[in-house]
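A.B. asks: Supplied in structure tokens, the structure appears directly below.
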Number of protein chains: 2
Amino acid sequence: MKTWKGRVVVALGGNALGDTLPEQMDAVKLTAKTIVDLIAEGWQVIVSHGNGPQVGLINNAMAALSRENPRHPNTPLSVCVAMSQAYIGYDLQNAIREELNRREETKANPVSVATVITQVEVDPYDEAFLSSDKPIGHYMTREQAAFAAQQYGYQMREYGDKGWRRVVPSPRPQRIVEVDTIRTLADAGQMVIACGGGGIPVVRQKEGHLQGTAAVIDKDFCAALLAEELQADALLILTNVEKVALNYGKPEQKWLDQLDPNQIRSYAGQGQFAAGSMLPKVLAAMEFVEDGEDRVAIITQLEKASDALNGRTGTRIVGHS
Amino acid sequence: MKTWKGRVVVALGGNALGDTLPEQMDAVKLTAKTIVDLIAEGWQVIVSHGNGPQVGLINNAMAALSRENPRHPNTPLSVCVAMSQAYIGYDLQNAIREELNRREETKANPVSVATVITQVEVDPYDEAFLSSDKPIGHYMTREQAAFAAQQYGYQMREYGDKGWRRVVPSPRPQRIVEVDTIRTLADAGQMVIACGGGGIPVVRQKEGHLQGTAAVIDKDFCAALLAEELQADALLILTNVEKVALNYGKPEQKWLDQLDPNQIRSYAGQGQFAAGSMLPKVLAAMEFVEDGEDRVAIITQLEKASDALNGRTGTRIVGHS
């Protein structure tokens, strides 16, 4: 059995995957290089990823089908999330496998790569269900929005001149249903792509029935839970900025090399981190480092993953010292 | 570690899944009962399944999307197969997990259930590529068929008054790309749903790139390969008849309790088994039993799975004695 430097859960952001299928096939090549760099350095990597544009695309396609053929009722969002995990996982696992086979150092010690369809349980009493604020799918006209609300019971919100979009709640992940499967593969030294799009959101009902729910789980919170469950040494959140900043985008902007939970709480209280963007990332990072000792979470951009994991850049989130 | 009675790969036919999403949610409940009956009797079960209506549905949905929004080019069939594995696996794994939790005998010793996105390599020189004869998707008018042929390069075939359908080749499965992952889970006593729809058909190119190909692999041949790779004791092909018959549907019809490879070759030569229906099932069964000793393949209907595995019905295919 190979000895690893450590176990790292990588959360890939939207820029790692692109918006359309042709974009995705290109984007995953760079993403695969980044991931295989980490493997070549001796890290055991488990990959999770977002799915915003992809689940929107699939949702739109299934809606187009049900308009053409009424025999097919509208497909629930949870089923679209499941499909997006396969849509993305298929390309991502192939790009990673190819990159592993291309390099002498990883070719010699083959690592299997596979995608596990993952459900994530949420709490039906999560307060997020009271305020749908995660937009999904394309912009619609007022008439289309009214039709969608009437026909499918969607909650719709107006976004200025751009038009209307469907909004869904974003509850916190409570339990990864397939965690035994993911752990078995990781413990066997295999590489797993799991928890895509934050996982298929399900609610536990009587007799243990898992009912899909029209929600989107934040992928960074889900990756933090996965890292916790797998007792990872590091959580690496990859996005489109090299570091977390204070006063982001303002003249007095200041990049941060390190953050601890007290600072995160304080800065978050000041509104330093944008909701739906940097805020869930720093909170997910904080949850992971607070749940155990000797852990680090790092927020950086895709291209800097290896540098950041080796302490040369990125924002490191560490527990109280 | 639990001691199993034996390892069985189950190949589910179309009737185990239904044609639409609401049908599927119902159908998988009965299918889950059948599978959990086998687990409760002490069999270790690995599940594979067909995807004909589902991949057709997804293909239609993605085509409808690209007509509405030209930014999204038509989605390759291989990607649609990947999505169908998640679409089906999500429902199937939940139905099986629920049934496992419902019964005292299986609840006590929990088995994890998960779906693995599976690619299957085919030979680019497979003669099947010379004759596309597997219809997929919905019927089209002559005009729609001409458009599909011109726009997407589809091969189209006329089916009498019903209209035209796209046809694709059905090459033999050569290698299950994710077999290490499936074996690791099975060896750990977990239940895997894999090789859905015969697997995502891919062709190996230079530098090991796996290129999706517009083909459909027969799910029974793929299940036979999976059973071989996992050194299963039994391959159970579930369809809509209790036994294989000679002179099927004719007055002199005769149900068969047992077949050996010599008989299969002889009867197949006489045209006893319908192409695209019973023929691939008996040939897949034959391949499995010929590749090893002390193996049995059984063809029966979904509801008779347990009876058949216990020797009380179905057609048993055994090697030369």
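In the structure tokens, each chain is lettered A, B, ... as it comes, each chain's residues begin at 1, and ligands are numbered from 1 in order of appearance.
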Given a cut-off of 6 Å, which residues of chain A touch chain B, counting only C-alpha atoms, written out as a compact mmCIF listing (two decimals) with all heavy atoms, in the first residue's frame?
C.D. replies:
```txt
# COMPACT_ATOMS: atom_id res chain seq x y z
N ALA A 61 -33.21 21.18 -20.29
CA ALA A 61 -33.43 20.14 -21.29
C ALA A 61 -34.64 19.28 -20.91
O ALA A 61 -35.48 18.99 -21.76
CB ALA A 61 -32.18 19.27 -21.42
N MET A 62 -34.73 18.90 -19.65
CA MET A 62 -35.85 18.05 -19.24
C MET A 62 -37.18 18.81 -19.32
O MET A 62 -38.21 18.23 -19.65
CB MET A 62 -35.62 17.50 -17.82
CG MET A 62 -34.34 16.68 -17.63
SD MET A 62 -34.01 15.38 -18.86
CE MET A 62 -35.16 14.11 -18.32
N ALA A 64 -37.75 21.19 -21.54
CA ALA A 64 -38.05 21.27 -22.97
C ALA A 64 -38.71 19.97 -23.43
O ALA A 64 -39.67 19.98 -24.21
CB ALA A 64 -36.77 21.53 -23.77
N LEU A 65 -38.23 18.84 -22.90
CA LEU A 65 -38.82 17.54 -23.26
C LEU A 65 -40.27 17.45 -22.79
O LEU A 65 -41.13 16.99 -23.54
CB LEU A 65 -38.02 16.39 -22.63
CG LEU A 65 -38.57 15.00 -22.91
CD1 LEU A 65 -38.30 14.59 -24.36
CD2 LEU A 65 -37.95 13.97 -21.98
N ALA A 82 -28.62 14.44 -9.88
CA ALA A 82 -28.04 13.10 -10.08
C ALA A 82 -27.42 13.02 -11.48
O ALA A 82 -26.27 12.59 -11.66
CB ALA A 82 -29.10 12.02 -9.90
N MET A 83 -28.17 13.45 -12.48
CA MET A 83 -27.69 13.39 -13.86
C MET A 83 -26.46 14.27 -14.06
O MET A 83 -25.53 13.91 -14.79
CB MET A 83 -28.82 13.78 -14.81
CG MET A 83 -29.90 12.71 -14.88
SD MET A 83 -31.45 13.34 -15.60
CE MET A 83 -30.99 13.44 -17.31
N ALA A 86 -23.19 12.57 -13.12
CA ALA A 86 -22.67 11.66 -14.15
C ALA A 86 -22.10 12.45 -15.33
O ALA A 86 -21.06 12.10 -15.88
CB ALA A 86 -23.77 10.72 -14.62
N TYR A 87 -22.80 13.50 -15.71
CA TYR A 87 -22.41 14.36 -16.84
C TYR A 87 -21.02 14.93 -16.60
O TYR A 87 -20.16 14.92 -17.48
CB TYR A 87 -23.47 15.46 -16.95
CG TYR A 87 -23.26 16.57 -17.95
CD1 TYR A 87 -23.85 16.52 -19.20
CD2 TYR A 87 -22.55 17.71 -17.61
CE1 TYR A 87 -23.71 17.57 -20.10
CE2 TYR A 87 -22.40 18.76 -18.51
CZ TYR A 87 -22.98 18.68 -19.75
OH TYR A 87 -22.85 19.72 -20.63
N THR A 115 -16.55 7.75 -10.33
CA THR A 115 -17.55 8.70 -9.85
C THR A 115 -18.66 7.94 -9.11
O THR A 115 -19.21 6.99 -9.65
CB THR A 115 -18.18 9.45 -11.04
OG1 THR A 115 -17.14 10.10 -11.76
CG2 THR A 115 -19.21 10.47 -10.57
N VAL A 116 -18.95 8.37 -7.90
CA VAL A 116 -20.01 7.75 -7.10
C VAL A 116 -21.18 8.74 -7.02
O VAL A 116 -21.01 9.88 -6.57
CB VAL A 116 -19.51 7.41 -5.68
CG1 VAL A 116 -20.65 6.94 -4.79
CG2 VAL A 116 -18.42 6.34 -5.76
N ILE A 117 -22.35 8.28 -7.44
CA ILE A 117 -23.55 9.10 -7.32
C ILE A 117 -23.83 9.27 -5.83
O ILE A 117 -23.92 8.29 -5.10
CB ILE A 117 -24.74 8.42 -8.04
CG1 ILE A 117 -24.41 8.23 -9.53
CG2 ILE A 117 -26.03 9.21 -7.87
CD1 ILE A 117 -24.07 9.50 -10.28
```
A.B. asks: Using backbone DSSP assignments, extract all helix (DSSP H, G or I) residues from segment 126-272 of chain A; output them as a VMD selection string.
C.D. replies: chain A and resid 127 to 130 142 to 152 160 to 162 179 to 187 196 to 198 206 to 208 219 to 229 261 to 269
A.B. asks: Please report the interatomic distance between atom CA of Tyr154 of chain A and atom CA of Val55 of chain A in Å with one decimal.
C.D. replies: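 Atom-to-atom, atom CA of Tyr154 of chain A to atom CA of Val55 of chain A, that is 15.7 Å.
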A.B. asks: Quick one: everything within 10 Å of segment 218-225 of chain B, counting only C-alpha atoms, minus sequence neighbours fewer than 3 positions away in the same chain. Send it as JSON, numbers by chain.
C.D. replies: {"B": [9, 10, 11, 12, 13, 46, 47, 48, 49, 50, 51, 52, 120, 134, 170, 171, 172, 173, 174, 175, 176, 194, 195, 196, 197, 198, 199, 215, 228, 229, 230, 231, 232, 234, 235, 236, 237, 238, 276, 280, 281, 282, 283, 284, 285, 286, 287, 288, 289, 291, 297]}
A.B. asks: What does the distance between atom CA of Leu246 of chain B and atom CA of Ala16 of chain B come to in Å, to one decimal place?
C.D. replies: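 Going from atom CA of Leu246 of chain B over to atom CA of Ala16 of chain B, I get 24.3 Å.
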